[in-house]
Amino acid sequence: MTIFHDASADDTTVFHGGVVWLEPHKTTSALAITGGTISALGEEALALLDQASHTVDLAGRFLMPAFSDGHCHPVFAGLEYQGPAITGKKSIDAIVEAVRVFAEANPDAEWIRGGSYDPTLAEGGNFDAAWLDAVVSDRPVILRAADYHTLWCNSEALKRAHVTTDTPEPRLGRIERRPDGSPLGTLREWHACDLMLDVAPPTDPEALVTAVVKSCEVANSNGITWMQDAWVDLNGHRPFITALERNQLTVRTNLAFRADPDHWRQQADDFKRMRAEVHTAGNEHLLTARTVKFFVDGVVESATAEMIAPYLDTHEHGMPNWSREELLLAVAHFDALGFQTHLHAIGDRAVRHALDSIENATEVNETWDRRSTITHVQVVHPDDLPRFAELGVIANFQAHWAQEDDLMTKLTAPRLGPERTNLQYPVGSLWRSGARLSFGSDWPVSPNNFVETMLVAATRQTDDGSPAEGWVPEQRITVDDGLLIATAGTAYQSYTEKFRGSLAVGMAADLVVLDRDVTSVEPMVARKAVASETYLSGVKVFTR
């Protein structure tokens, strides 16, 4: 368990003997930090070697600004370590066995909850309650899919939630059913998942604090020192304040409160209260709450992302969570209250409506430094690409998804068809347009490994190098550009670019040492790079 204390104001550390990355195509030989702040670069840093309190021989390694994660879910990620070990399992049998092992080891757990399973392991992403019943039939089991828009439940959980053949389809959600109409065990999207989550007991507050601390440790191990928690419900700020008070918050964090399409007017006072309580906690360099999150639509793999044209071989356009009119009203309302708006938009119609809502806010509200962000940006109609730069909207990409993996080939592409499949993740087009870009992981949906993220953005290949020319290769960017987006680009999204996110004298020493120079080796070799050390304001918060 990491305890974070500020660096001594008198200590000077000099890093030397490797590559110090400053910006695309610009490096230097050394860097010095004093009291948690960068104090010298290059020859001036080397001149301090003899008088330095500490020296770090990089031994050919690669020193760069620490990564920033522009969209993740740290509490969910941390809680995954407290439940069945199902993440990364490659078969349904392996997941079920992990549930069995956990249930036997935790006989007093009234409910068994875990995440996150691979939705491609069952046809259509539909998982049967009977598979879980075979190992746990006397207690409810609810597991989250990796998309975090889907639950897999056993029969006892369905019974506790009163989900039966007669349960009507929720307005925002879908209950997958057997041919006789009985619930299969898979629930999709908000209102369907809420049928289950509303009856499950609340998570113990101390378990939430433990989850925050664990997520910080994992993030630090990947060279991350800032993150955007993109899904904070009522009083979800409290575990972060507790971690801050205990000096265990080792990742600078901004909280985004989730706006509910049915209750957003009533939420405004709570959002202002929680923002004020975070401010009162007293360390705005470590914890802020300046953002409101909107889930505009769902996900393509469940056919709930909102599309302009219907999904292939259907008449369905997806499942919008907000009407366009209500979205425009809500975004303008929170924008007027001084909240940065952060909009989940995956389908091309959802992206268009998100852009419309931000454009409307700029027209009806006073001008201010709003830095509105659309996250995921999976399918964008070509007509909407120029609007990002024109409106000053930040495109927050999960570039790790821009590859032909199983999710793409088994669930996503078959629903979109070839033309729209090739419109996905237009990183290169938006970068060349002059739009602001940032990177996020959506962890635990996908790994918060920004070396992999950058290299996928640069190659559009899977980890075995497929396809050789890259998937939709015109959307590739350079590794140097990826480094810039994952550091300075995301620092801009976070309003922290004036004190961190780049290596310049006077900036906070938020640093990561990678074990190799990712700009000078083959992409598949670079992709295996790992963080050797991570520093937050000059304090080492991780070492491998």
# chains A, B, ... in the order shown; residues from 1 in each chain; ligands from 1

call {"tool": "select_by_dssp", "arguments": {"residues": "stretch 70-235 of chain A", "states": "alpha helix (DSSP H)", "output": "ChimeraX atom specification"}}
result
/A:74-80,92-105,129-133,155-160,189-197,205-221

call {"tool": "residues_around", "arguments": {"residues": "A:Ala350", "least_positions_apart": "5", "cutoff": "10 Å", "atoms": "only C-alpha atoms", "output": "ChimeraX atom specification"}}
result
/A:295-298,305-308,318-324,343-345,355-356,377,379-380

call {"tool": "closest_atom_pairs", "arguments": {"of": "stretch 9-38 of chain A", "to": "stretch 65-79 of chain A", "cutoff": "12 Å", "atoms": "only C-alpha atoms", "output": "CSV"}}
result
residue,atom,partner,partner_atom,distance
A:Val20,CA,A:Pro65,CA,9.2
A:Trp21,CA,A:Pro65,CA,7.9
A:Leu22,CA,A:Pro65,CA,8.1
A:Glu23,CA,A:Pro65,CA,9.7
A:Leu31,CA,A:Pro65,CA,11.4
A:Ile38,CA,A:Pro65,CA,11.0

call {"tool": "residues_around", "arguments": {"residues": "A:Gly88", "least_positions_apart": "2", "cutoff": "10 Å", "atoms": "only C-alpha atoms", "output": "VMD selection string"}}
result
chain A and resid 85 to 86 90 to 91 94 to 95 115 to 118 146

call {"tool": "write_last_selection", "arguments": {"atoms": "N, CA, C and O atoms", "output": "PDB file, in the first residue's frame"}}
result
ATOM      1  N   ALA A  85     -11.624 -14.167 -10.022  1.00  0.00           N
ATOM      2  CA  ALA A  85     -10.557 -13.800 -10.961  1.00  0.00           C
ATOM      3  C   ALA A  85     -10.937 -14.221 -12.372  1.00  0.00           C
ATOM      4  O   ALA A  85     -10.404 -15.180 -12.934  1.00  0.00           O
ATOM      5  N   ILE A  86     -11.878 -13.477 -12.975  1.00  0.00           N
ATOM      6  CA  ILE A  86     -12.383 -13.871 -14.293  1.00  0.00           C
ATOM      7  C   ILE A  86     -11.779 -13.052 -15.427  1.00  0.00           C
ATOM      8  O   ILE A  86     -11.903 -13.432 -16.586  1.00  0.00           O
ATOM      9  N   LYS A  90     -10.086 -17.258 -21.009  1.00  0.00           N
ATOM     10  CA  LYS A  90     -10.252 -17.481 -22.443  1.00  0.00           C
ATOM     11  C   LYS A  90     -11.380 -18.436 -22.799  1.00  0.00           C
ATOM     12  O   LYS A  90     -11.563 -18.778 -23.959  1.00  0.00           O
ATOM     13  N   SER A  91     -12.137 -18.889 -21.810  1.00  0.00           N
ATOM     14  CA  SER A  91     -13.259 -19.785 -22.102  1.00  0.00           C
ATOM     15  C   SER A  91     -14.333 -19.603 -21.044  1.00  0.00           C
ATOM     16  O   SER A  91     -14.056 -19.141 -19.920  1.00  0.00           O
ATOM     17  N   ALA A  94     -13.535 -21.674 -17.989  1.00  0.00           N
ATOM     18  CA  ALA A  94     -12.534 -21.073 -17.095  1.00  0.00           C
ATOM     19  C   ALA A  94     -13.163 -20.003 -16.214  1.00  0.00           C
ATOM     20  O   ALA A  94     -12.815 -19.871 -15.025  1.00  0.00           O
ATOM     21  N   ILE A  95     -14.100 -19.235 -16.769  1.00  0.00           N
ATOM     22  CA  ILE A  95     -14.792 -18.224 -15.968  1.00  0.00           C
ATOM     23  C   ILE A  95     -15.620 -18.893 -14.878  1.00  0.00           C
ATOM     24  O   ILE A  95     -15.577 -18.497 -13.697  1.00  0.00           O
ATOM     25  N   GLY A 115     -15.970  -9.003 -12.274  1.00  0.00           N
ATOM     26  CA  GLY A 115     -15.766  -8.485 -13.623  1.00  0.00           C
ATOM     27  C   GLY A 115     -14.309  -8.709 -13.979  1.00  0.00           C
ATOM     28  O   GLY A 115     -13.472  -8.916 -13.104  1.00  0.00           O
ATOM     29  N   SER A 116     -14.001  -8.687 -15.269  1.00  0.00           N
ATOM     30  CA  SER A 116     -14.967  -8.545 -16.336  1.00  0.00           C
ATOM     31  C   SER A 116     -14.697  -9.662 -17.350  1.00  0.00           C
ATOM     32  O   SER A 116     -13.550  -9.979 -17.631  1.00  0.00           O
ATOM     33  N   TYR A 117     -15.784 -10.237 -17.880  1.00  0.00           N
ATOM     34  CA  TYR A 117     -15.631 -11.383 -18.765  1.00  0.00           C
ATOM     35  C   TYR A 117     -15.629 -10.939 -20.231  1.00  0.00           C
ATOM     36  O   TYR A 117     -16.139  -9.873 -20.591  1.00  0.00           O
ATOM     37  N   ASP A 118     -15.063 -11.777 -21.067  1.00  0.00           N
ATOM     38  CA  ASP A 118     -14.941 -11.515 -22.498  1.00  0.00           C
ATOM     39  C   ASP A 118     -16.270 -11.836 -23.179  1.00  0.00           C
ATOM     40  O   ASP A 118     -16.676 -12.999 -23.243  1.00  0.00           O
ATOM     41  N   ALA A 146     -16.908  -7.187 -20.167  1.00  0.00           N
ATOM     42  CA  ALA A 146     -15.813  -6.245 -20.334  1.00  0.00           C
ATOM     43  C   ALA A 146     -16.287  -4.888 -20.837  1.00  0.00           C
ATOM     44  O   ALA A 146     -15.606  -3.883 -20.639  1.00  0.00           O
TER      45      ALA A 146
END

call {"tool": "atom_distance", "arguments": {"atom1": "atom CA of A:Val292", "atom2": "atom CA of A:His353"}}
result
16.5 Å

call {"tool": "select_by_dssp", "arguments": {"residues": "stretch 162-273 of chain A", "states": "strand (DSSP E)", "output": "list in words"}}
result
Arg174, Ile175, Glu176, Arg177, Pro183, Leu184, Gly185, Thr186, Leu187, Arg188, Ile224, Thr225, Trp226, Met227, Gln228, Asp229, Ala230, Trp231, Val232, Arg252, Thr253, Asn254, Leu255, Ala256, Phe257 and Arg258 of chain A

call {"tool": "write_last_selection", "arguments": {"atoms": "N, CA and C atoms", "output": "compact mmCIF listing (two decimals), in the first residue's frame"}}
result
# COMPACT_ATOMS: atom_id res chain seq x y z
N ARG A 174 -32.26 -4.17 -22.36
CA ARG A 174 -32.81 -5.36 -23.00
C ARG A 174 -32.52 -6.58 -22.13
N ILE A 175 -33.54 -7.40 -21.93
CA ILE A 175 -33.39 -8.68 -21.25
C ILE A 175 -33.30 -9.75 -22.32
N GLU A 176 -32.16 -10.37 -22.45
CA GLU A 176 -32.04 -11.46 -23.42
C GLU A 176 -32.86 -12.64 -22.92
N ARG A 177 -33.58 -13.27 -23.86
CA ARG A 177 -34.55 -14.30 -23.46
C ARG A 177 -34.35 -15.60 -24.25
N PRO A 183 -36.07 -15.33 -19.00
CA PRO A 183 -34.79 -14.62 -19.08
C PRO A 183 -33.61 -15.59 -19.18
N LEU A 184 -32.71 -15.32 -20.11
CA LEU A 184 -31.56 -16.17 -20.34
C LEU A 184 -30.53 -16.04 -19.23
N GLY A 185 -30.33 -14.80 -18.76
CA GLY A 185 -29.28 -14.54 -17.78
C GLY A 185 -28.37 -13.40 -18.19
N THR A 186 -28.64 -12.77 -19.34
CA THR A 186 -27.85 -11.64 -19.84
C THR A 186 -28.73 -10.40 -19.88
N LEU A 187 -28.30 -9.34 -19.21
CA LEU A 187 -29.02 -8.08 -19.15
C LEU A 187 -28.15 -7.00 -19.79
N ARG A 188 -28.76 -6.17 -20.65
CA ARG A 188 -27.99 -5.17 -21.39
C ARG A 188 -28.50 -3.75 -21.10
N ILE A 224 1.28 5.90 -15.12
CA ILE A 224 0.18 6.89 -15.13
C ILE A 224 0.19 7.69 -13.83
N THR A 225 0.09 9.03 -13.95
CA THR A 225 0.00 9.86 -12.75
C THR A 225 -1.20 10.81 -12.79
N TRP A 226 -2.07 10.72 -13.79
CA TRP A 226 -3.34 11.45 -13.79
C TRP A 226 -4.38 10.57 -14.47
N MET A 227 -5.63 10.62 -13.93
CA MET A 227 -6.69 9.84 -14.55
C MET A 227 -8.03 10.56 -14.39
N GLN A 228 -8.88 10.33 -15.36
CA GLN A 228 -10.26 10.81 -15.36
C GLN A 228 -11.18 9.67 -14.98
N ASP A 229 -11.73 9.70 -13.76
CA ASP A 229 -12.78 8.74 -13.43
C ASP A 229 -14.04 9.21 -14.13
N ALA A 230 -14.49 8.43 -15.09
CA ALA A 230 -15.55 8.86 -15.99
C ALA A 230 -16.92 8.31 -15.62
N TRP A 231 -17.11 7.90 -14.37
CA TRP A 231 -18.41 7.37 -13.97
C TRP A 231 -18.50 7.41 -12.44
N VAL A 232 -18.93 8.54 -11.91
CA VAL A 232 -19.05 8.71 -10.47
C VAL A 232 -20.51 8.98 -10.15
N ARG A 252 -3.10 11.59 -9.64
CA ARG A 252 -3.96 12.77 -9.67
C ARG A 252 -5.26 12.37 -10.37
N THR A 253 -6.39 12.77 -9.80
CA THR A 253 -7.67 12.26 -10.29
C THR A 253 -8.68 13.39 -10.43
N ASN A 254 -9.40 13.38 -11.54
CA ASN A 254 -10.57 14.23 -11.71
C ASN A 254 -11.81 13.35 -11.77
N LEU A 255 -12.87 13.77 -11.11
CA LEU A 255 -14.09 12.99 -11.03
C LEU A 255 -15.14 13.57 -11.98
N ALA A 256 -15.83 12.69 -12.69
CA ALA A 256 -16.93 13.08 -13.57
C ALA A 256 -18.21 12.46 -13.04
N PHE A 257 -19.17 13.30 -12.67
CA PHE A 257 -20.44 12.83 -12.13
C PHE A 257 -21.38 12.45 -13.26
N ARG A 258 -22.00 11.27 -13.15
CA ARG A 258 -22.84 10.75 -14.24
C ARG A 258 -24.21 11.40 -14.22

call {"tool": "residues_around", "arguments": {"residues": "A:Ala389", "least_positions_apart": "3", "cutoff": "12 Å", "atoms": "only C-alpha atoms", "output": "PyMOL selection string"}}
result
chain A and resi 355+359+371-373+384-386+392-395+429-437

call {"tool": "residues_around", "arguments": {"residues": "A:Glu301", "least_positions_apart": "6", "cutoff": "12 Å", "atoms": "only C-alpha atoms", "output": "MDAnalysis selection string"}}
result
chainID A and resid 118:120 123:126 145:150 188:189 311 318 346:347 378 406:416

call {"tool": "write_last_selection", "arguments": {"atoms": "N, CA, C and O atoms", "output": "compact mmCIF listing (two decimals), in the first residue's frame"}}
result
# COMPACT_ATOMS: atom_id res chain seq x y z
N ASP A 118 -15.06 -11.78 -21.07
CA ASP A 118 -14.94 -11.52 -22.50
C ASP A 118 -16.27 -11.84 -23.18
O ASP A 118 -16.68 -13.00 -23.24
N PRO A 119 -16.98 -10.83 -23.72
CA PRO A 119 -18.29 -11.10 -24.30
C PRO A 119 -18.26 -11.89 -25.60
O PRO A 119 -19.29 -12.37 -26.06
N THR A 120 -17.09 -12.04 -26.20
CA THR A 120 -17.00 -12.77 -27.47
C THR A 120 -17.01 -14.28 -27.26
O THR A 120 -17.09 -15.03 -28.24
N GLU A 123 -21.86 -16.96 -28.33
CA GLU A 123 -22.41 -16.45 -29.58
C GLU A 123 -23.33 -15.25 -29.32
O GLU A 123 -24.23 -15.32 -28.48
N GLY A 124 -23.05 -14.17 -30.04
CA GLY A 124 -23.85 -12.97 -29.86
C GLY A 124 -23.64 -12.27 -28.53
O GLY A 124 -24.34 -11.31 -28.22
N GLY A 125 -22.70 -12.75 -27.73
CA GLY A 125 -22.48 -12.16 -26.41
C GLY A 125 -23.54 -12.53 -25.40
O GLY A 125 -23.65 -11.89 -24.34
N ASN A 126 -24.31 -13.60 -25.66
CA ASN A 126 -25.41 -14.00 -24.79
C ASN A 126 -24.98 -15.16 -23.89
O ASN A 126 -24.68 -16.26 -24.36
N ALA A 145 -19.74 -7.79 -17.98
CA ALA A 145 -18.96 -8.01 -19.21
C ALA A 145 -17.88 -6.94 -19.31
O ALA A 145 -17.92 -5.90 -18.65
N ALA A 146 -16.91 -7.19 -20.17
CA ALA A 146 -15.81 -6.25 -20.33
C ALA A 146 -16.29 -4.89 -20.84
O ALA A 146 -15.61 -3.88 -20.64
N ASP A 147 -17.47 -4.84 -21.49
CA ASP A 147 -17.96 -3.55 -21.95
C ASP A 147 -18.61 -2.73 -20.84
O ASP A 147 -18.90 -1.54 -21.02
N TYR A 148 -18.88 -3.35 -19.69
CA TYR A 148 -19.53 -2.70 -18.54
C TYR A 148 -20.90 -2.12 -18.89
O TYR A 148 -21.43 -1.28 -18.18
N HIS A 149 -21.48 -2.61 -19.97
CA HIS A 149 -22.86 -2.28 -20.33
C HIS A 149 -23.75 -3.52 -20.21
O HIS A 149 -24.92 -3.46 -20.58
N THR A 150 -23.18 -4.63 -19.73
CA THR A 150 -23.87 -5.92 -19.77
C THR A 150 -23.59 -6.68 -18.47
O THR A 150 -22.47 -6.64 -17.96
N ARG A 188 -28.76 -6.17 -20.65
CA ARG A 188 -27.99 -5.17 -21.39
C ARG A 188 -28.50 -3.75 -21.10
O ARG A 188 -29.69 -3.50 -21.10
N GLU A 189 -27.56 -2.88 -20.89
CA GLU A 189 -27.78 -1.44 -20.76
C GLU A 189 -28.52 -1.07 -19.46
O GLU A 189 -28.89 -1.90 -18.66
N TYR A 311 -28.45 -1.03 -38.12
CA TYR A 311 -27.47 -2.10 -38.10
C TYR A 311 -27.73 -3.06 -39.24
O TYR A 311 -28.87 -3.18 -39.75
N GLY A 318 -30.13 1.30 -32.85
CA GLY A 318 -29.46 1.34 -31.56
C GLY A 318 -30.37 1.80 -30.46
O GLY A 318 -31.60 1.86 -30.60
N ILE A 346 -20.52 6.64 -29.19
CA ILE A 346 -19.88 5.57 -29.97
C ILE A 346 -20.43 5.50 -31.39
O ILE A 346 -19.67 5.42 -32.36
N GLY A 347 -21.75 5.51 -31.55
CA GLY A 347 -22.35 5.47 -32.88
C GLY A 347 -22.29 6.82 -33.57
O GLY A 347 -22.16 7.87 -32.92
N GLN A 378 -16.13 6.27 -31.80
CA GLN A 378 -15.84 5.04 -32.54
C GLN A 378 -16.21 5.15 -34.02
O GLN A 378 -15.40 4.84 -34.89
N ASP A 406 -10.76 -10.07 -31.62
CA ASP A 406 -11.98 -10.88 -31.63
C ASP A 406 -13.23 -10.02 -31.48
O ASP A 406 -14.26 -10.30 -32.12
N LEU A 407 -13.17 -9.00 -30.64
CA LEU A 407 -14.33 -8.14 -30.47
C LEU A 407 -14.72 -7.48 -31.78
O LEU A 407 -15.91 -7.39 -32.13
N MET A 408 -13.71 -7.06 -32.52
CA MET A 408 -13.98 -6.39 -33.80
C MET A 408 -14.54 -7.38 -34.81
O MET A 408 -15.54 -7.10 -35.50
N THR A 409 -13.93 -8.55 -34.94
CA THR A 409 -14.30 -9.46 -36.02
C THR A 409 -15.55 -10.27 -35.71
O THR A 409 -16.32 -10.60 -36.63
N LYS A 410 -15.80 -10.55 -34.42
CA LYS A 410 -16.94 -11.42 -34.07
C LYS A 410 -18.22 -10.65 -33.76
O LYS A 410 -19.32 -11.15 -34.03
N LEU A 411 -18.11 -9.46 -33.16
CA LEU A 411 -19.30 -8.76 -32.71
C LEU A 411 -19.51 -7.41 -33.38
O LEU A 411 -20.64 -7.02 -33.66
N THR A 412 -18.42 -6.68 -33.63
CA THR A 412 -18.57 -5.29 -34.10
C THR A 412 -18.76 -5.22 -35.61
O THR A 412 -19.78 -4.71 -36.10
N ALA A 413 -17.78 -5.71 -36.36
CA ALA A 413 -17.87 -5.63 -37.83
C ALA A 413 -19.11 -6.30 -38.40
O ALA A 413 -19.74 -5.75 -39.32
N PRO A 414 -19.54 -7.48 -37.90
CA PRO A 414 -20.76 -8.08 -38.45
C PRO A 414 -22.01 -7.23 -38.24
O PRO A 414 -22.98 -7.37 -39.01
N ARG A 415 -22.01 -6.36 -37.25
CA ARG A 415 -23.18 -5.50 -37.03
C ARG A 415 -23.12 -4.23 -37.88
O ARG A 415 -24.15 -3.68 -38.26
N LEU A 416 -21.89 -3.76 -38.19
CA LEU A 416 -21.75 -2.50 -38.91
C LEU A 416 -21.73 -2.67 -40.42
O LEU A 416 -22.18 -1.78 -41.15

call {"tool": "residues_around", "arguments": {"residues": "stretch 178-180 of chain A", "least_positions_apart": "5", "cutoff": "12 Å", "atoms": "only C-alpha atoms", "output": "ChimeraX atom specification"}}
result
/A:126-130,164-166,185-186

call {"tool": "write_last_selection", "arguments": {"atoms": "N, CA and C atoms", "output": "PDB file, in the first residue's frame"}}
result
ATOM      1  N   ASN A 126     -24.306 -13.596 -25.665  1.00  0.00           N
ATOM      2  CA  ASN A 126     -25.411 -14.001 -24.790  1.00  0.00           C
ATOM      3  C   ASN A 126     -24.977 -15.157 -23.888  1.00  0.00           C
ATOM      4  N   PHE A 127     -24.976 -14.919 -22.580  1.00  0.00           N
ATOM      5  CA  PHE A 127     -24.491 -15.884 -21.597  1.00  0.00           C
ATOM      6  C   PHE A 127     -25.663 -16.409 -20.774  1.00  0.00           C
ATOM      7  N   ASP A 128     -25.635 -17.714 -20.504  1.00  0.00           N
ATOM      8  CA  ASP A 128     -26.760 -18.426 -19.901  1.00  0.00           C
ATOM      9  C   ASP A 128     -26.583 -18.533 -18.386  1.00  0.00           C
ATOM     10  N   ALA A 129     -27.662 -18.225 -17.652  1.00  0.00           N
ATOM     11  CA  ALA A 129     -27.641 -18.363 -16.195  1.00  0.00           C
ATOM     12  C   ALA A 129     -27.308 -19.783 -15.764  1.00  0.00           C
ATOM     13  N   ALA A 130     -27.713 -20.764 -16.562  1.00  0.00           N
ATOM     14  CA  ALA A 130     -27.498 -22.167 -16.188  1.00  0.00           C
ATOM     15  C   ALA A 130     -26.020 -22.501 -16.047  1.00  0.00           C
ATOM     16  N   THR A 164     -38.467 -12.148 -14.609  1.00  0.00           N
ATOM     17  CA  THR A 164     -39.151 -13.368 -15.018  1.00  0.00           C
ATOM     18  C   THR A 164     -39.624 -13.244 -16.464  1.00  0.00           C
ATOM     19  N   THR A 165     -40.317 -14.280 -16.895  1.00  0.00           N
ATOM     20  CA  THR A 165     -40.922 -14.255 -18.230  1.00  0.00           C
ATOM     21  C   THR A 165     -41.832 -13.057 -18.404  1.00  0.00           C
ATOM     22  N   ASP A 166     -42.505 -12.667 -17.338  1.00  0.00           N
ATOM     23  CA  ASP A 166     -43.495 -11.591 -17.410  1.00  0.00           C
ATOM     24  C   ASP A 166     -42.903 -10.191 -17.254  1.00  0.00           C
ATOM     25  N   GLY A 185     -30.326 -14.804 -18.761  1.00  0.00           N
ATOM     26  CA  GLY A 185     -29.278 -14.538 -17.777  1.00  0.00           C
ATOM     27  C   GLY A 185     -28.368 -13.395 -18.187  1.00  0.00           C
ATOM     28  N   THR A 186     -28.639 -12.772 -19.343  1.00  0.00           N
ATOM     29  CA  THR A 186     -27.854 -11.642 -19.837  1.00  0.00           C
ATOM     30  C   THR A 186     -28.733 -10.400 -19.881  1.00  0.00           C
TER      31      THR A 186
END

call {"tool": "atom_distance", "arguments": {"atom1": "atom CA of A:Asp194", "atom2": "atom CA of A:Ser441"}}
result
24.6 Å

call {"tool": "residues_around", "arguments": {"residues": "A:Glu245", "least_positions_apart": "4", "cutoff": "10 Å", "atoms": "only C-alpha atoms", "output": "ChimeraX atom specification"}}
result
/A:239-241,249,281-283

call {"tool": "write_last_selection", "arguments": {"atoms": "all heavy atoms", "output": "mmCIF file, in the first residue's frame"}}
result
data_model
loop_
_atom_site.group_PDB
_atom_site.id
_atom_site.type_symbol
_atom_site.label_atom_id
_atom_site.label_comp_id
_atom_site.auth_asym_id
_atom_site.auth_seq_id
_atom_site.Cartn_x
_atom_site.Cartn_y
_atom_site.Cartn_z
ATOM 1 N N PRO A 239 -14.755 7.866 -1.415
ATOM 2 C CA PRO A 239 -13.568 7.011 -1.309
ATOM 3 C C PRO A 239 -12.288 7.724 -1.745
ATOM 4 O O PRO A 239 -11.204 7.463 -1.187
ATOM 5 C CB PRO A 239 -13.895 5.833 -2.234
ATOM 6 C CG PRO A 239 -15.379 5.822 -2.339
ATOM 7 C CD PRO A 239 -15.807 7.247 -2.247
ATOM 8 N N PHE A 240 -12.376 8.615 -2.723
ATOM 9 C CA PHE A 240 -11.200 9.353 -3.174
ATOM 10 C C PHE A 240 -10.750 10.359 -2.114
ATOM 11 O O PHE A 240 -9.545 10.529 -1.885
ATOM 12 C CB PHE A 240 -11.499 10.067 -4.492
ATOM 13 C CG PHE A 240 -11.675 9.143 -5.652
ATOM 14 C CD1 PHE A 240 -12.931 8.658 -5.985
ATOM 15 C CD2 PHE A 240 -10.579 8.739 -6.414
ATOM 16 C CE1 PHE A 240 -13.095 7.788 -7.059
ATOM 17 C CE2 PHE A 240 -10.736 7.882 -7.483
ATOM 18 C CZ PHE A 240 -11.994 7.396 -7.802
ATOM 19 N N ILE A 241 -11.708 11.026 -1.456
ATOM 20 C CA ILE A 241 -11.337 11.954 -0.393
ATOM 21 C C ILE A 241 -10.665 11.210 0.753
ATOM 22 O O ILE A 241 -9.659 11.672 1.309
ATOM 23 C CB ILE A 241 -12.588 12.725 0.098
ATOM 24 C CG1 ILE A 241 -13.080 13.678 -0.994
ATOM 25 C CG2 ILE A 241 -12.277 13.489 1.374
ATOM 26 C CD1 ILE A 241 -14.354 14.421 -0.635
ATOM 27 N N LEU A 249 -3.501 8.479 -2.276
ATOM 28 C CA LEU A 249 -3.915 8.804 -3.639
ATOM 29 C C LEU A 249 -2.671 9.166 -4.440
ATOM 30 O O LEU A 249 -2.185 10.294 -4.395
ATOM 31 C CB LEU A 249 -4.922 9.957 -3.634
ATOM 32 C CG LEU A 249 -5.635 10.227 -4.956
ATOM 33 C CD1 LEU A 249 -6.558 9.059 -5.319
ATOM 34 C CD2 LEU A 249 -6.437 11.526 -4.892
ATOM 35 N N ALA A 281 -11.576 19.430 0.380
ATOM 36 C CA ALA A 281 -10.554 18.450 0.770
ATOM 37 C C ALA A 281 -9.149 19.020 0.642
ATOM 38 O O ALA A 281 -8.211 18.526 1.286
ATOM 39 C CB ALA A 281 -10.686 17.178 -0.063
ATOM 40 N N GLY A 282 -8.980 20.038 -0.222
ATOM 41 C CA GLY A 282 -7.816 20.891 -0.108
ATOM 42 C C GLY A 282 -6.584 20.587 -0.917
ATOM 43 O O GLY A 282 -5.532 21.170 -0.648
ATOM 44 N N ASN A 283 -6.646 19.712 -1.915
ATOM 45 C CA ASN A 283 -5.455 19.484 -2.734
ATOM 46 C C ASN A 283 -5.884 19.358 -4.185
ATOM 47 O O ASN A 283 -6.072 18.259 -4.702
ATOM 48 C CB ASN A 283 -4.697 18.241 -2.285
ATOM 49 C CG ASN A 283 -3.308 18.168 -2.906
ATOM 50 O OD1 ASN A 283 -3.074 18.693 -3.997
ATOM 51 N ND2 ASN A 283 -2.376 17.529 -2.222
#

call {"tool": "closest_residue", "arguments": {"among": "A:Ala399, A:Ala354, A:Leu423, A:Leu158", "to": "A:Glu326", "atoms": "only C-alpha atoms"}}
result
A:Ala354

call {"tool": "closest_residue", "arguments": {"among": "A:Pro426, A:Val209, A:Asn448, A:Ala526", "to": "A:Ile477", "atoms": "only C-alpha atoms"}}
result
A:Pro426

call {"tool": "closest_residue", "arguments": {"among": "A:Leu391, A:Val530, A:Val472, A:Met454", "to": "A:Pro418", "atoms": "only C-alpha atoms"}}
result
A:Val472

call {"tool": "atom_distance", "arguments": {"atom1": "atom CA of A:Arg370", "atom2": "atom CA of A:Thr487"}}
result
19.6 Å

call {"tool": "closest_residue", "arguments": {"among": "A:Thr421, A:Thr291, A:Thr496, A:Thr167", "to": "A:Asp348", "atoms": "only C-alpha atoms"}}
result
A:Thr421

call {"tool": "closest_residue", "arguments": {"among": "A:Leu328, A:Val541, A:Cys153, A:Val99", "to": "A:Val251", "atoms": "only C-alpha atoms"}}
result
A:Val541

call {"tool": "closest_residue", "arguments": {"among": "A:Ser221, A:Gln266, A:Arg349, A:Leu287", "to": "A:Thr242", "atoms": "only C-alpha atoms"}}
result
A:Leu287
